[in-house]
>>> print(open('coords.cif').read())   # mmCIF, N, CA and C atoms
data_entry
#
loop_
_atom_site.group_PDB
_atom_site.id
_atom_site.type_symbol
_atom_site.label_atom_id
_atom_site.label_comp_id
_atom_site.auth_asym_id
_atom_site.auth_seq_id
_atom_site.Cartn_x
_atom_site.Cartn_y
_atom_site.Cartn_z
ATOM 1 N N MET Z 1 -25.458 14.723 18.496
ATOM 2 C CA MET Z 1 -25.087 13.885 17.380
ATOM 3 C C MET Z 1 -24.109 12.828 17.887
ATOM 4 N N ALA Z 2 -24.380 11.610 17.548
ATOM 5 C CA ALA Z 2 -23.540 10.509 17.997
ATOM 6 C C ALA Z 2 -22.319 10.384 17.095
ATOM 7 N N ILE Z 3 -21.210 10.071 17.735
ATOM 8 C CA ILE Z 3 -19.968 9.868 16.995
ATOM 9 C C ILE Z 3 -19.673 8.374 16.998
ATOM 10 N N SER Z 4 -19.523 7.829 15.792
ATOM 11 C CA SER Z 4 -19.215 6.408 15.725
ATOM 12 C C SER Z 4 -17.703 6.215 15.810
ATOM 13 N N THR Z 5 -17.327 5.246 16.578
ATOM 14 C CA THR Z 5 -15.906 4.943 16.708
ATOM 15 C C THR Z 5 -15.636 3.576 16.141
ATOM 16 N N ASN Z 6 -14.519 3.425 15.539
ATOM 17 C CA ASN Z 6 -14.105 2.154 14.975
ATOM 18 C C ASN Z 6 -13.260 1.431 16.014
ATOM 19 N N ARG Z 7 -13.783 0.341 16.545
ATOM 20 C CA ARG Z 7 -13.067 -0.370 17.604
ATOM 21 C C ARG Z 7 -11.844 -1.102 17.086
ATOM 22 N N PHE Z 8 -11.925 -1.642 15.883
ATOM 23 C CA PHE Z 8 -10.830 -2.409 15.316
ATOM 24 C C PHE Z 8 -10.266 -1.654 14.115
ATOM 25 N N PRO Z 9 -9.020 -1.226 14.188
ATOM 26 C CA PRO Z 9 -8.456 -0.535 13.033
ATOM 27 C C PRO Z 9 -8.286 -1.496 11.858
ATOM 28 N N ALA Z 10 -8.368 -0.948 10.677
ATOM 29 C CA ALA Z 10 -8.226 -1.767 9.474
ATOM 30 C C ALA Z 10 -6.803 -2.299 9.375
ATOM 31 N N LEU Z 11 -6.678 -3.555 8.996
ATOM 32 C CA LEU Z 11 -5.366 -4.146 8.794
ATOM 33 C C LEU Z 11 -4.893 -3.770 7.397
ATOM 34 N N THR Z 12 -4.048 -2.796 7.318
ATOM 35 C CA THR Z 12 -3.569 -2.319 6.041
ATOM 36 C C THR Z 12 -2.096 -1.954 6.142
ATOM 37 N N LEU Z 13 -1.419 -2.050 5.048
ATOM 38 C CA LEU Z 13 -0.024 -1.626 4.993
ATOM 39 C C LEU Z 13 0.088 -0.160 4.601
ATOM 40 N N ASN Z 14 -1.004 0.401 4.096
ATOM 41 C CA ASN Z 14 -1.003 1.792 3.640
ATOM 42 C C ASN Z 14 -1.488 2.709 4.753
ATOM 43 N N THR Z 15 -0.696 2.834 5.791
ATOM 44 C CA THR Z 15 -1.116 3.625 6.946
ATOM 45 C C THR Z 15 -1.086 5.119 6.687
ATOM 46 N N ASP Z 16 -0.489 5.549 5.588
ATOM 47 C CA ASP Z 16 -0.478 6.973 5.262
ATOM 48 C C ASP Z 16 -1.651 7.386 4.387
ATOM 49 N N GLY Z 17 -2.495 6.428 3.991
ATOM 50 C CA GLY Z 17 -3.678 6.737 3.207
ATOM 51 C C GLY Z 17 -3.468 6.741 1.710
ATOM 52 N N HIS Z 18 -2.276 6.494 1.251
ATOM 53 C CA HIS Z 18 -1.989 6.457 -0.176
ATOM 54 C C HIS Z 18 -1.740 5.017 -0.609
ATOM 55 N N PRO Z 19 -2.142 4.661 -1.835
ATOM 56 C CA PRO Z 19 -1.875 3.305 -2.310
ATOM 57 C C PRO Z 19 -0.409 3.128 -2.693
ATOM 58 N N HIS Z 20 0.138 1.968 -2.381
ATOM 59 C CA HIS Z 20 1.523 1.632 -2.714
ATOM 60 C C HIS Z 20 1.545 0.239 -3.343
ATOM 61 N N PRO Z 21 1.108 0.103 -4.588
ATOM 62 C CA PRO Z 21 0.999 -1.246 -5.166
ATOM 63 C C PRO Z 21 2.346 -1.945 -5.340
ATOM 64 N N ARG Z 22 3.380 -1.239 -5.731
ATOM 65 C CA ARG Z 22 4.689 -1.874 -5.927
ATOM 66 C C ARG Z 22 5.257 -2.343 -4.604
ATOM 67 N N GLU Z 23 5.186 -1.515 -3.587
ATOM 68 C CA GLU Z 23 5.717 -1.870 -2.280
ATOM 69 C C GLU Z 23 4.926 -3.013 -1.650
ATOM 70 N N ASN Z 24 3.600 -2.963 -1.779
ATOM 71 C CA ASN Z 24 2.764 -4.024 -1.212
ATOM 72 C C ASN Z 24 2.976 -5.349 -1.930
ATOM 73 N N THR Z 25 3.257 -5.298 -3.233
ATOM 74 C CA THR Z 25 3.559 -6.523 -3.965
ATOM 75 C C THR Z 25 4.851 -7.145 -3.464
ATOM 76 N N LEU Z 26 5.866 -6.332 -3.236
ATOM 77 C CA LEU Z 26 7.122 -6.849 -2.690
ATOM 78 C C LEU Z 26 6.932 -7.422 -1.289
ATOM 79 N N VAL Z 27 6.097 -6.797 -0.489
ATOM 80 C CA VAL Z 27 5.810 -7.323 0.854
ATOM 81 C C VAL Z 27 5.140 -8.689 0.740
ATOM 82 N N GLY Z 28 4.177 -8.827 -0.151
ATOM 83 C CA GLY Z 28 3.487 -10.094 -0.318
ATOM 84 C C GLY Z 28 4.393 -11.201 -0.833
ATOM 85 N N ILE Z 29 5.225 -10.874 -1.820
ATOM 86 C CA ILE Z 29 6.148 -11.868 -2.363
ATOM 87 C C ILE Z 29 7.152 -12.299 -1.304
ATOM 88 N N THR Z 30 7.680 -11.338 -0.571
ATOM 89 C CA THR Z 30 8.653 -11.661 0.470
ATOM 90 C C THR Z 30 8.015 -12.503 1.573
ATOM 91 N N ALA Z 31 6.800 -12.177 1.958
ATOM 92 C CA ALA Z 31 6.113 -12.955 2.998
ATOM 93 C C ALA Z 31 5.847 -14.385 2.523
ATOM 94 N N LEU Z 32 5.419 -14.537 1.279
ATOM 95 C CA LEU Z 32 5.167 -15.863 0.740
ATOM 96 C C LEU Z 32 6.454 -16.682 0.668
ATOM 97 N N LEU Z 33 7.510 -16.091 0.165
ATOM 98 C CA LEU Z 33 8.783 -16.801 0.084
ATOM 99 C C LEU Z 33 9.365 -17.077 1.468
ATOM 100 N N GLY Z 34 9.156 -16.178 2.407
ATOM 101 C CA GLY Z 34 9.635 -16.396 3.770
ATOM 102 C C GLY Z 34 8.966 -17.580 4.433
ATOM 103 N N VAL Z 35 7.650 -17.678 4.281
ATOM 104 C CA VAL Z 35 6.927 -18.815 4.857
ATOM 105 C C VAL Z 35 7.347 -20.107 4.172
ATOM 106 N N LEU Z 36 7.510 -20.071 2.854
ATOM 107 C CA LEU Z 36 7.933 -21.260 2.117
ATOM 108 C C LEU Z 36 9.330 -21.704 2.537
ATOM 109 N N ALA Z 37 10.270 -20.766 2.604
ATOM 110 C CA ALA Z 37 11.643 -21.108 2.984
ATOM 111 C C ALA Z 37 11.710 -21.600 4.426
ATOM 112 N N PHE Z 38 10.996 -20.946 5.319
ATOM 113 C CA PHE Z 38 11.010 -21.337 6.728
ATOM 114 C C PHE Z 38 10.419 -22.731 6.918
ATOM 115 N N THR Z 39 9.317 -22.998 6.250
ATOM 116 C CA THR Z 39 8.647 -24.293 6.398
ATOM 117 C C THR Z 39 9.485 -25.426 5.818
ATOM 118 N N THR Z 40 10.022 -25.219 4.626
ATOM 119 C CA THR Z 40 10.777 -26.293 3.976
ATOM 120 C C THR Z 40 12.162 -26.474 4.578
ATOM 121 N N SER Z 41 12.630 -25.541 5.376
ATOM 122 C CA SER Z 41 13.968 -25.676 5.959
ATOM 123 C C SER Z 41 14.037 -26.776 7.010
ATOM 124 N N PHE Z 42 12.895 -27.220 7.525
ATOM 125 C CA PHE Z 42 12.887 -28.267 8.534
ATOM 126 C C PHE Z 42 12.933 -29.672 7.941
ATOM 127 N N PHE Z 43 12.849 -29.770 6.624
ATOM 128 C CA PHE Z 43 12.900 -31.053 5.949
ATOM 129 C C PHE Z 43 14.222 -31.157 5.209
ATOM 130 N N TYR Z 44 15.010 -32.141 5.576
ATOM 131 C CA TYR Z 44 16.367 -32.268 5.068
ATOM 132 C C TYR Z 44 16.416 -32.416 3.556
ATOM 133 N N ASN Z 45 15.471 -33.156 2.979
ATOM 134 C CA ASN Z 45 15.516 -33.425 1.547
ATOM 135 C C ASN Z 45 14.994 -32.272 0.691
ATOM 136 N N LEU Z 46 14.479 -31.216 1.278
ATOM 137 C CA LEU Z 46 13.988 -30.054 0.533
ATOM 138 C C LEU Z 46 14.977 -28.894 0.579
ATOM 139 N N HIS Z 47 16.273 -29.207 0.694
ATOM 140 C CA HIS Z 47 17.277 -28.149 0.843
ATOM 141 C C HIS Z 47 17.373 -27.255 -0.384
ATOM 142 N N LEU Z 48 17.133 -27.780 -1.582
ATOM 143 C CA LEU Z 48 17.208 -26.956 -2.789
ATOM 144 C C LEU Z 48 16.089 -25.915 -2.800
ATOM 145 N N LEU Z 49 14.865 -26.342 -2.523
ATOM 146 C CA LEU Z 49 13.729 -25.420 -2.477
ATOM 147 C C LEU Z 49 13.907 -24.381 -1.376
ATOM 148 N N SER Z 50 14.358 -24.824 -0.232
ATOM 149 C CA SER Z 50 14.562 -23.916 0.891
ATOM 150 C C SER Z 50 15.641 -22.885 0.583
ATOM 151 N N SER Z 51 16.728 -23.322 -0.036
ATOM 152 C CA SER Z 51 17.824 -22.408 -0.363
ATOM 153 C C SER Z 51 17.404 -21.369 -1.399
ATOM 154 N N LEU Z 52 16.725 -21.824 -2.452
ATOM 155 C CA LEU Z 52 16.311 -20.897 -3.502
ATOM 156 C C LEU Z 52 15.242 -19.919 -3.025
ATOM 157 N N ALA Z 53 14.249 -20.437 -2.326
ATOM 158 C CA ALA Z 53 13.199 -19.560 -1.805
ATOM 159 C C ALA Z 53 13.777 -18.572 -0.794
ATOM 160 N N GLY Z 54 14.713 -19.030 0.021
ATOM 161 C CA GLY Z 54 15.345 -18.143 0.993
ATOM 162 C C GLY Z 54 16.170 -17.055 0.331
ATOM 163 N N LEU Z 55 16.938 -17.422 -0.693
ATOM 164 C CA LEU Z 55 17.758 -16.433 -1.382
ATOM 165 C C LEU Z 55 16.911 -15.373 -2.079
ATOM 166 N N VAL Z 56 15.899 -15.804 -2.811
ATOM 167 C CA VAL Z 56 15.026 -14.851 -3.493
ATOM 168 C C VAL Z 56 14.237 -14.019 -2.476
ATOM 169 N N GLY Z 57 13.807 -14.642 -1.384
ATOM 170 C CA GLY Z 57 13.091 -13.911 -0.340
ATOM 171 C C GLY Z 57 13.944 -12.854 0.332
ATOM 172 N N VAL Z 58 15.209 -13.165 0.584
ATOM 173 C CA VAL Z 58 16.109 -12.174 1.182
ATOM 174 C C VAL Z 58 16.344 -11.015 0.211
ATOM 175 N N LEU Z 59 16.531 -11.327 -1.059
ATOM 176 C CA LEU Z 59 16.765 -10.263 -2.046
ATOM 177 C C LEU Z 59 15.542 -9.365 -2.219
ATOM 178 N N THR Z 60 14.347 -9.956 -2.311
ATOM 179 C CA THR Z 60 13.144 -9.133 -2.438
ATOM 180 C C THR Z 60 12.859 -8.364 -1.155
ATOM 181 N N GLY Z 61 13.183 -8.964 -0.020
ATOM 182 C CA GLY Z 61 12.989 -8.263 1.253
ATOM 183 C C GLY Z 61 13.905 -7.060 1.399
ATOM 184 N N MET Z 62 15.130 -7.210 0.976
ATOM 185 C CA MET Z 62 16.058 -6.075 1.054
ATOM 186 C C MET Z 62 15.663 -4.974 0.077
ATOM 187 N N TRP Z 63 15.214 -5.356 -1.112
ATOM 188 C CA TRP Z 63 14.757 -4.338 -2.065
ATOM 189 C C TRP Z 63 13.496 -3.658 -1.538
ATOM 190 N N GLY Z 64 12.615 -4.429 -0.931
ATOM 191 C CA GLY Z 64 11.417 -3.849 -0.334
ATOM 192 C C GLY Z 64 11.739 -2.890 0.793
ATOM 193 N N GLN Z 65 12.729 -3.203 1.600
ATOM 194 C CA GLN Z 65 13.162 -2.288 2.656
ATOM 195 C C GLN Z 65 13.691 -0.988 2.062
ATOM 196 N N PHE Z 66 14.354 -1.106 0.931
ATOM 197 C CA PHE Z 66 14.942 0.065 0.293
ATOM 198 C C PHE Z 66 13.874 1.030 -0.212
ATOM 199 N N ILE Z 67 12.753 0.497 -0.731
ATOM 200 C CA ILE Z 67 11.744 1.377 -1.314
ATOM 201 C C ILE Z 67 10.481 1.500 -0.463
ATOM 202 N N SER Z 68 10.436 0.886 0.721
ATOM 203 C CA SER Z 68 9.219 0.924 1.539
ATOM 204 C C SER Z 68 8.920 2.343 2.000
ATOM 205 N N VAL Z 69 7.627 2.588 2.225
ATOM 206 C CA VAL Z 69 7.177 3.929 2.573
ATOM 207 C C VAL Z 69 6.662 3.991 4.003
ATOM 208 N N THR Z 70 5.921 2.981 4.436
ATOM 209 C CA THR Z 70 5.285 3.038 5.744
ATOM 210 C C THR Z 70 5.943 2.076 6.731
ATOM 211 N N THR Z 71 5.699 2.315 7.984
ATOM 212 C CA THR Z 71 6.242 1.467 9.037
ATOM 213 C C THR Z 71 5.630 0.071 9.004
ATOM 214 N N ALA Z 72 4.363 -0.037 8.645
ATOM 215 C CA ALA Z 72 3.716 -1.344 8.575
ATOM 216 C C ALA Z 72 4.373 -2.218 7.512
ATOM 217 N N GLU Z 73 4.720 -1.620 6.378
ATOM 218 C CA GLU Z 73 5.424 -2.376 5.335
ATOM 219 C C GLU Z 73 6.776 -2.853 5.846
ATOM 220 N N ARG Z 74 7.483 -1.986 6.524
ATOM 221 C CA ARG Z 74 8.809 -2.354 7.031
ATOM 222 C C ARG Z 74 8.723 -3.441 8.092
ATOM 223 N N PHE Z 75 7.699 -3.393 8.921
ATOM 224 C CA PHE Z 75 7.524 -4.404 9.966
ATOM 225 C C PHE Z 75 7.352 -5.792 9.355
ATOM 226 N N VAL Z 76 6.461 -5.907 8.380
ATOM 227 C CA VAL Z 76 6.223 -7.198 7.738
ATOM 228 C C VAL Z 76 7.466 -7.638 6.970
ATOM 229 N N LEU Z 77 8.151 -6.696 6.332
ATOM 230 C CA LEU Z 77 9.350 -7.042 5.569
ATOM 231 C C LEU Z 77 10.469 -7.577 6.462
ATOM 232 N N VAL Z 78 10.635 -7.018 7.631
ATOM 233 C CA VAL Z 78 11.686 -7.494 8.538
ATOM 234 C C VAL Z 78 11.389 -8.918 8.991
ATOM 235 N N ILE Z 79 10.152 -9.196 9.353
ATOM 236 C CA ILE Z 79 9.777 -10.545 9.782
ATOM 237 C C ILE Z 79 9.955 -11.538 8.633
ATOM 238 N N ALA Z 80 9.456 -11.194 7.452
ATOM 239 C CA ALA Z 80 9.520 -12.102 6.308
ATOM 240 C C ALA Z 80 10.952 -12.300 5.820
ATOM 241 N N THR Z 81 11.771 -11.265 5.863
ATOM 242 C CA THR Z 81 13.166 -11.395 5.460
ATOM 243 C C THR Z 81 13.922 -12.272 6.453
ATOM 244 N N GLY Z 82 13.606 -12.169 7.718
ATOM 245 C CA GLY Z 82 14.211 -13.043 8.719
ATOM 246 C C GLY Z 82 13.837 -14.498 8.506
ATOM 247 N N MET Z 83 12.583 -14.754 8.143
ATOM 248 C CA MET Z 83 12.170 -16.121 7.866
ATOM 249 C C MET Z 83 12.870 -16.652 6.615
ATOM 250 N N SER Z 84 13.028 -15.791 5.614
ATOM 251 C CA SER Z 84 13.741 -16.193 4.397
ATOM 252 C C SER Z 84 15.200 -16.498 4.697
ATOM 253 N N ALA Z 85 15.812 -15.668 5.529
ATOM 254 C CA ALA Z 85 17.214 -15.889 5.879
ATOM 255 C C ALA Z 85 17.377 -17.192 6.656
ATOM 256 N N TRP Z 86 16.446 -17.482 7.560
ATOM 257 C CA TRP Z 86 16.474 -18.745 8.304
ATOM 258 C C TRP Z 86 16.413 -19.923 7.338
ATOM 259 N N GLY Z 87 15.486 -19.864 6.375
ATOM 260 C CA GLY Z 87 15.375 -20.928 5.382
ATOM 261 C C GLY Z 87 16.605 -21.034 4.512
ATOM 262 N N LEU Z 88 17.194 -19.908 4.150
ATOM 263 C CA LEU Z 88 18.410 -19.912 3.343
ATOM 264 C C LEU Z 88 19.554 -20.564 4.104
ATOM 265 N N TYR Z 89 19.746 -20.191 5.340
ATOM 266 C CA TYR Z 89 20.856 -20.724 6.130
ATOM 267 C C TYR Z 89 20.702 -22.222 6.385
ATOM 268 N N LEU Z 90 19.520 -22.654 6.774
ATOM 269 C CA LEU Z 90 19.319 -24.086 7.012
ATOM 270 C C LEU Z 90 19.330 -24.881 5.710
ATOM 271 N N GLY Z 91 18.843 -24.280 4.639
ATOM 272 C CA GLY Z 91 18.912 -24.958 3.351
ATOM 273 C C GLY Z 91 20.345 -25.163 2.896
ATOM 274 N N ILE Z 92 21.186 -24.174 3.115
ATOM 275 C CA ILE Z 92 22.609 -24.327 2.769
ATOM 276 C C ILE Z 92 23.269 -25.341 3.701
ATOM 277 N N ALA Z 93 22.892 -25.341 4.955
ATOM 278 C CA ALA Z 93 23.461 -26.288 5.900
ATOM 279 C C ALA Z 93 23.077 -27.730 5.579
ATOM 280 N N HIS Z 94 21.900 -27.921 4.990
ATOM 281 C CA HIS Z 94 21.450 -29.271 4.650
ATOM 282 C C HIS Z 94 21.939 -29.753 3.297
ATOM 283 N N GLY Z 95 22.577 -28.913 2.512
ATOM 284 C CA GLY Z 95 23.088 -29.370 1.221
ATOM 285 C C GLY Z 95 23.217 -28.281 0.186
ATOM 286 N N GLY Z 96 22.629 -27.146 0.450
ATOM 287 C CA GLY Z 96 22.796 -26.020 -0.456
ATOM 288 C C GLY Z 96 22.038 -26.124 -1.750
ATOM 289 N N PHE Z 97 22.622 -25.557 -2.801
ATOM 290 C CA PHE Z 97 21.942 -25.432 -4.080
ATOM 291 C C PHE Z 97 22.125 -26.651 -4.976
ATOM 292 N N TRP Z 98 22.807 -27.696 -4.509
ATOM 293 C CA TRP Z 98 22.969 -28.894 -5.336
ATOM 294 C C TRP Z 98 22.889 -30.153 -4.521
#
>>> encode(input="coords.cif", output="structure tokens")
Amino acid sequence: MAISTNRFPALTLNTDGHPHPRENTLVGITALLGVLAFTTSFFYNLHLLSSLAGLVGVLTGMWGQFISVTTAERFVLVIATGMSAWGLYLGIAHGGFW
């Protein structure tokens, strides 16, 4: 009997086999805000958007770290929270919230 092997593992955050909709939602929101804050931080006139997206991204990332279950969730959260923090810091450096 032939045994089929999966060459490419599935890209999933639920590595324990259980669904985690709340945790995965926080990972997605944090990743989206991290990319937004990081991207807009390079434009001087977008400091308000960068600061707000960075602040909310850092807060959701920290809450996600607090309730995360799997290592894959934590890995994405650390990267996305770092991008949010970068956007927050540069957004504040370029003019902050006003």
>>> residues_near_point(input="coords.cif", point="(12.5, -14.9, 6.3)", cutoff="8 Å", atoms="only N, CA and C atoms", output="list in words")
Thr30, Ala31, Leu33, Gly34, Val35, Leu36, Ala37, Phe38, Gly54, Gly57, Val58, Leu77, Val78, Ile79, Ala80, Thr81, Gly82, Met83, Ser84, Ala85, Trp86, Gly87 and Leu88 of chain Z
>>> resolve_selection(input="coords.cif", expression="the PyMOL selection byres (((chain Z and resi 91 and name CA) around 9) and name CA)", output="PyMOL selection string")
chain Z and resi 37+40-44+46-52+54+86-90+92-97
>>> select_by_dssp(input="coords.cif", residues="segment 7-91 of chain Z", states="helix (DSSP H, G or I)", output="VMD selection string")
chain Z and resid 21 to 40 44 to 67 71 to 91
>>> closest_residue(input="coords.cif", among="Z:Ile3, Z:Thr60, Z:Val69, Z:Asn14", to="Leu26 of chain Z", atoms="all atoms listed in the file")
Z:Thr60
>>> axis_aligned_box(input="coords.cif", around="segment 19-34 of chain Z", padding_each_side="4 Å", output="JSON")
{"center_x": 3.7, "center_y": -6.5, "center_z": -0.7, "size_x": 19.8, "size_y": 30.2, "size_z": 18.4}
>>> atom_distance(input="coords.cif", atom1="atom CA of Asp16 of chain Z", atom2="atom CA of Val56 of chain Z")
28.2 Å
>>> atom_distance(input="coords.cif", atom1="atom CA of Leu55 of chain Z", atom2="atom C of Thr39 of chain Z")
14.2 Å
>>> atom_distance(input="coords.cif", atom1="atom CA of Asn45 of chain Z", atom2="atom CA of Trp98 of chain Z")
11.1 Å
